[in-house]
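Structure below is my_file.cif: mmCIF, C-alpha atoms.
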```
data_run
loop_
_atom_site.label_atom_id
_atom_site.label_comp_id
_atom_site.auth_asym_id
_atom_site.auth_seq_id
_atom_site.Cartn_x
_atom_site.Cartn_y
_atom_site.Cartn_z
CA SER A 7 45.95 88.46 -19.64
CA HIS A 8 42.81 86.35 -19.09
CA PRO A 9 42.62 82.58 -20.04
CA ALA A 10 40.63 81.87 -23.18
CA ARG A 11 37.09 80.70 -22.56
CA PRO A 12 36.03 77.42 -24.28
CA SER A 13 33.93 77.94 -27.30
CA ALA A 14 30.24 76.93 -27.35
CA ALA A 15 31.04 74.08 -29.72
CA ALA A 16 33.64 72.62 -27.35
CA ALA A 17 31.20 72.77 -24.42
CA ALA A 18 28.54 70.94 -26.42
CA ALA A 19 31.02 68.24 -27.38
CA HIS A 20 32.02 67.75 -23.75
CA THR A 21 28.37 67.38 -22.69
CA MET A 22 27.66 64.75 -25.40
CA ALA A 23 30.73 62.74 -24.41
CA ALA A 24 29.62 62.69 -20.77
CA ALA A 25 26.12 61.49 -21.76
CA SER A 26 27.57 58.76 -23.94
CA MET A 27 29.74 57.51 -21.09
CA ALA A 28 26.73 57.44 -18.70
CA PHE A 29 24.65 55.42 -21.20
CA ALA A 30 27.45 52.91 -21.69
CA ALA A 31 27.78 52.52 -17.93
CA SER A 32 24.05 51.83 -17.56
CA VAL A 33 24.16 49.18 -20.32
CA ALA A 34 27.12 47.49 -18.67
CA SER A 35 25.32 47.56 -15.31
CA ALA A 36 22.23 45.92 -16.81
CA ALA A 37 24.35 43.23 -18.49
CA ALA A 38 26.05 42.50 -15.19
CA PHE A 39 22.70 41.79 -13.52
CA ARG A 40 21.29 39.50 -16.25
CA PRO A 41 23.19 36.31 -15.30
CA ALA A 42 22.13 36.60 -11.67
CA ALA A 43 18.48 36.87 -12.70
CA ALA A 44 18.80 33.75 -14.87
CA VAL A 45 20.29 31.75 -11.98
CA THR A 46 17.42 32.77 -9.69
CA THR A 47 14.87 31.57 -12.24
CA ARG A 48 16.53 28.15 -12.54
CA ARG A 49 16.56 27.66 -8.77
CA ALA A 50 12.85 28.39 -8.57
CA ALA A 51 12.10 25.81 -11.29
CA VAL A 52 14.05 23.09 -9.44
CA SER A 53 12.22 23.87 -6.20
CA ARG A 54 8.80 23.46 -7.83
CA GLY A 55 9.86 20.10 -9.30
CA VAL A 56 10.83 18.71 -5.89
CA LEU A 57 7.52 19.73 -4.36
CA GLN A 58 5.60 17.89 -7.07
CA VAL A 59 7.32 14.54 -6.42
CA ARG A 60 5.31 12.04 -4.36
CA ALA A 61 6.55 8.48 -3.86
CA GLY A 62 3.12 6.92 -3.44
CA GLY A 63 1.43 8.52 -6.45
CA VAL A 64 -2.24 9.32 -6.92
CA THR A 65 -5.30 7.34 -8.00
CA SER A 66 -9.01 7.97 -8.36
CA ALA A 67 -11.88 6.16 -6.71
CA ASN A 68 -12.94 5.04 -10.18
CA ASP A 69 -9.71 3.01 -10.43
CA PHE A 70 -10.09 1.17 -7.10
CA SER A 71 -9.06 -2.49 -6.98
CA VAL A 72 -9.23 -4.98 -4.12
CA GLY A 73 -5.99 -4.86 -2.14
CA MET A 74 -5.06 -1.32 -3.21
CA ASN A 75 -3.51 0.85 -0.48
CA VAL A 76 -4.71 4.45 -0.20
CA GLU A 77 -4.32 7.30 2.27
CA VAL A 78 -7.46 8.73 3.84
CA ASP A 79 -7.36 11.20 6.75
CA GLN A 80 -3.57 10.82 6.91
CA ALA A 81 -3.78 7.07 7.56
CA PRO A 82 -3.11 4.02 5.36
CA TRP A 83 -6.17 1.99 4.30
CA LYS A 84 -6.59 -1.18 2.26
CA VAL A 85 -9.47 -1.51 -0.21
CA VAL A 86 -11.43 -4.60 0.92
CA GLU A 87 -14.33 -4.29 -1.51
CA PHE A 88 -15.97 -1.63 -3.66
CA MET A 89 -18.94 -1.05 -5.98
CA HIS A 90 -19.48 1.51 -8.73
CA VAL A 91 -22.88 3.23 -8.49
CA LYS A 92 -24.38 5.32 -11.28
CA PRO A 93 -27.67 6.86 -10.10
CA ALA A 94 -30.37 8.00 -12.53
CA ARG A 95 -29.68 11.55 -11.38
CA GLY A 96 -26.50 13.06 -10.12
CA ALA A 97 -22.86 12.10 -10.46
CA ALA A 98 -21.54 8.54 -10.29
CA PHE A 99 -19.86 7.47 -7.07
CA VAL A 100 -18.00 4.52 -5.54
CA ARG A 101 -19.18 2.78 -2.37
CA SER A 102 -16.30 1.00 -0.66
CA LYS A 103 -15.15 -0.88 2.42
CA LEU A 104 -11.68 0.09 3.61
CA ARG A 105 -9.58 -1.48 6.34
CA ASN A 106 -7.45 0.84 8.48
CA TYR A 107 -3.97 -0.68 8.83
CA LEU A 108 -3.32 1.18 12.09
CA THR A 109 -6.52 0.32 13.96
CA GLY A 110 -7.72 -2.81 12.15
CA SER A 111 -11.23 -1.37 11.80
CA VAL A 112 -13.22 -1.77 8.56
CA ASN A 113 -15.25 1.29 7.56
CA GLU A 114 -17.66 1.97 4.73
CA LYS A 115 -16.69 5.05 2.76
CA THR A 116 -18.22 6.71 -0.30
CA PHE A 117 -16.23 8.70 -2.87
CA ARG A 118 -17.08 10.56 -6.05
CA SER A 119 -15.88 8.50 -9.02
CA ALA A 120 -13.42 11.18 -10.09
CA GLU A 121 -12.22 11.93 -6.56
CA LYS A 122 -8.44 11.76 -6.23
CA LEU A 123 -6.72 9.90 -3.40
CA ALA A 124 -3.05 9.47 -2.55
CA LEU A 125 -1.70 5.95 -2.82
CA ALA A 126 -0.28 4.88 0.54
CA ASP A 127 3.47 4.33 0.21
CA VAL A 128 3.43 0.89 1.84
CA GLU A 129 6.69 -1.05 1.66
CA LYS A 130 6.79 -4.85 1.56
CA ARG A 131 9.51 -7.07 2.98
CA ARG A 132 9.56 -10.85 2.50
CA MET A 133 9.82 -12.64 5.85
CA GLN A 134 9.04 -16.05 7.32
CA TYR A 135 6.82 -16.76 10.31
CA SER A 136 8.89 -18.32 13.10
CA TYR A 137 6.93 -18.70 16.35
CA PRO A 138 4.41 -17.08 18.70
CA ASP A 139 5.66 -15.09 21.68
CA GLY A 140 2.85 -14.35 24.10
CA ALA A 141 0.39 -12.05 22.33
CA ALA A 142 2.86 -11.36 19.53
CA PHE A 143 4.25 -13.24 16.55
CA ILE A 144 7.87 -13.37 15.44
CA PHE A 145 8.88 -13.11 11.78
CA MET A 146 12.40 -13.51 10.39
CA ASP A 147 14.14 -12.05 7.36
CA MET A 148 15.78 -15.18 5.91
CA GLU A 149 18.59 -13.16 4.30
CA THR A 150 19.66 -11.04 7.27
CA PHE A 151 18.12 -13.24 10.04
CA GLU A 152 16.69 -10.08 11.55
CA GLU A 153 13.53 -10.74 13.61
CA THR A 154 10.42 -8.57 13.67
CA ARG A 155 7.82 -8.75 16.41
CA ILE A 156 4.22 -8.09 15.36
CA GLU A 157 1.23 -7.90 17.66
CA ASP A 158 -1.72 -10.29 17.26
CA ASP A 159 -4.04 -9.43 14.38
CA LYS A 160 -7.04 -11.62 13.64
CA TYR A 161 -6.80 -10.82 9.95
CA PHE A 162 -3.60 -12.79 9.43
CA THR A 163 -2.85 -14.84 12.55
CA LYS A 164 -5.70 -17.27 11.86
CA TYR A 165 -3.83 -18.48 8.78
CA LEU A 166 -0.27 -18.59 10.17
CA THR A 167 1.64 -21.86 10.15
CA GLU A 168 5.30 -22.32 11.02
CA GLY A 169 7.58 -21.51 8.11
CA LEU A 170 4.95 -19.61 6.11
CA ASP A 171 6.43 -16.91 3.84
CA VAL A 172 4.61 -13.58 4.06
CA GLU A 173 5.10 -9.91 3.21
CA VAL A 174 5.60 -7.66 6.26
CA LEU A 175 4.19 -4.19 5.54
CA THR A 176 5.65 -0.90 6.75
CA TRP A 177 4.40 2.67 6.35
CA ASN A 178 6.38 5.73 7.42
CA GLY A 179 8.91 3.39 9.01
CA LYS A 180 6.30 1.60 11.16
CA VAL A 181 5.21 -2.04 10.82
CA ILE A 182 1.48 -1.95 10.06
CA GLY A 183 0.60 -5.50 9.12
CA VAL A 184 1.22 -8.72 7.23
CA GLU A 185 0.18 -9.64 3.71
CA LEU A 186 -0.53 -13.35 3.37
CA PRO A 187 -0.13 -15.46 0.25
CA ILE A 188 -3.41 -15.87 -1.65
CA THR A 189 -3.67 -19.52 -0.60
CA VAL A 190 -2.37 -21.52 2.36
CA GLU A 191 -2.44 -25.18 3.35
CA LEU A 192 -4.12 -25.91 6.70
CA GLU A 193 -4.75 -29.14 8.57
CA VAL A 194 -8.25 -30.07 9.73
CA SER A 195 -8.19 -30.56 13.50
CA MET A 196 -11.93 -30.94 14.15
CA THR A 197 -15.03 -31.66 12.07
CA ASP A 198 -18.03 -33.98 12.07
CA PRO A 199 -17.53 -37.21 10.13
CA GLY A 200 -19.34 -37.38 6.82
CA VAL A 201 -22.38 -39.64 7.03
CA LYS A 202 -22.07 -42.53 4.58
CA GLY A 203 -24.33 -41.95 1.62
CA ASN A 204 -24.46 -38.17 2.10
CA THR A 205 -20.99 -37.44 0.69
CA ALA A 206 -21.98 -38.54 -2.80
CA ALA A 207 -25.00 -36.21 -2.74
CA GLY A 208 -22.80 -33.21 -1.91
CA GLY A 209 -23.24 -30.73 0.92
CA ASP A 210 -20.83 -29.12 3.33
CA LYS A 211 -19.98 -28.74 7.01
CA PRO A 212 -17.86 -26.52 9.28
CA ALA A 213 -14.30 -27.61 10.04
CA THR A 214 -11.83 -26.15 12.53
CA MET A 215 -8.27 -25.83 11.28
CA SER A 216 -5.11 -26.29 13.34
CA THR A 217 -4.78 -22.49 13.51
CA GLY A 218 -8.28 -22.12 14.98
CA VAL A 219 -10.02 -20.67 11.94
CA VAL A 220 -13.30 -22.32 10.92
CA VAL A 221 -13.75 -23.11 7.23
CA THR A 222 -16.79 -24.55 5.44
CA VAL A 223 -15.69 -27.76 3.72
CA PRO A 224 -17.31 -30.57 1.72
CA LEU A 225 -18.70 -33.51 3.67
CA PHE A 226 -15.94 -35.85 2.49
CA VAL A 227 -13.16 -33.88 4.23
CA GLN A 228 -11.91 -35.68 7.35
CA ILE A 229 -9.86 -34.86 10.46
CA GLY A 230 -6.12 -34.92 9.76
CA GLU A 231 -6.44 -33.99 6.11
CA LYS A 232 -4.85 -30.85 4.71
CA ILE A 233 -6.86 -28.44 2.59
CA VAL A 234 -6.10 -25.38 0.48
CA VAL A 235 -7.80 -22.21 1.75
CA ASP A 236 -8.21 -18.83 0.04
CA THR A 237 -6.98 -16.28 2.62
CA ARG A 238 -8.88 -13.40 0.98
CA GLU A 239 -12.31 -14.89 1.66
CA GLY A 240 -11.55 -17.81 3.97
CA LYS A 241 -13.00 -20.29 1.50
CA TYR A 242 -12.16 -23.93 0.86
CA ILE A 243 -10.53 -24.58 -2.53
CA SER A 244 -9.44 -28.23 -2.53
CA ARG A 245 -7.81 -31.02 -0.62
CA VAL A 246 -4.03 -31.26 -0.64
CA LYS A 247 -3.01 -34.34 -2.58
CA LYS A 248 -1.12 -36.90 -0.60
CA GLU A 249 2.54 -37.33 -1.47
CA LYS A 250 2.05 -40.81 -2.92
CA GLU A 251 -0.73 -39.47 -5.16
CA SER A 252 1.33 -36.55 -6.42
CA ASN A 253 4.34 -38.68 -7.42
#
```

Please render this file's structure as structure tokens.
Amino acid sequence: SHPARPSAAAAAAHTMAAASMAFAASVASAAAFRPAAAVTTRRAAVSRGVLQVRAGGVTSANDFSVGMNVEVDQAPWKVVEFMHVKPARGAAFVRSKLRNYLTGSVNEKTFRSAEKLALADVEKRRMQYSYPDGAAFIFMDMETFEETRIEDDKYFTKYLTEGLDVEVLTWNGKVIGVELPITVELEVSMTDPGVKGNTAAGGDKPATMSTGVVVTVPLFVQIGEKIVVDTREGKYISRVKKEKESN
């Protein structure tokens, strides 16, 4: 005898069951891949955040201030002076003088007011001037007693006196300069004596300090006196009061 053939209804039921199993398998496969896709998305977001971080920050030329440190042409510069210019026609701009920390040169540069610049990530470390060593100057960290040797630089050495506290500047791990206090006390080593009768009428004269810098002082200032000098402009501020006068 021959085996009974399956009915048409049974064959249809078998086909539908197979299709249902295939659909369920595809759904399960898709669910299995969803967590992996979510993880990939989170990694990409973290990566973008890291790339956006910049230690130095950003400024615009419109926000310049004297003493600000900016990066131009991949070098650190200090804003020495600046002026906002708004012409009758055209966009406003900023005319500035910047000092290159690496070369010591002062250049005039012009920027659009809205132009963005990176702030130079200059680190400061408090140190004390110890002594000259040939063409260099030795500074000491008074906490660790570590010494740093810095080459001669006319911008700060003319105001250095033994024991003066300063800020030693570094950029990308390299010492690039010294930031002086706003005022220092210097002793007058050479100047013409004030002519009697002229001091009351006012006037001024050049005076050479013990460090070699020449400062314009009032006529009444004499050799051996100490004066207060503004290191930003090299200007006389006042005489240092004698100890007996300050007590």

Could the residues of range 83-110 of chain A that have an atom at most 12 Å from range 174-187 of chain A be listed as CSV, each with its closest atom pair and the distance in Å to one decimal, counting all atoms listed in the file and ordered by chain and ascending residue number?
```
residue,atom,partner,partner_atom,distance
A:Trp83,CA,A:Ile182,CA,10.4
A:Lys84,CA,A:Gly183,CA,10.8
A:Arg105,CA,A:Gly183,CA,11.3
A:Asn106,CA,A:Ile182,CA,9.5
A:Tyr107,CA,A:Ile182,CA,5.7
A:Leu108,CA,A:Ile182,CA,6.1
A:Thr109,CA,A:Ile182,CA,9.2
A:Gly110,CA,A:Gly183,CA,9.3
```

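Taking CA of Asn75 in chain A and CA of Val172 in chain A as endpoints, the distance between them is 17.2 Å.
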
Padded axis-aligned box of range 179-192 of chain A (4 Å per side), centre and edge lengths, Å, one decimal, as JSON:
```
{"center_x": 2.4, "center_y": -11.3, "center_z": 4.8, "size_x": 21.0, "size_y": 37.3, "size_z": 20.8}
```

Spatial neighbours of Tyr165 in chain A, 12 Å, all atoms listed in the file, chain gap at least 4 places, as an MDAnalysis selection string: chainID A and resid 135 158:161 169:172 184:193 214:221 234:241

List, as a PyMOL selection string, every residue that the PyMOL selection byres ((chain A and resi 142-148) around 10) selects in the file provided. chain A and resi 131-141+149-159+163+166+168-174+184
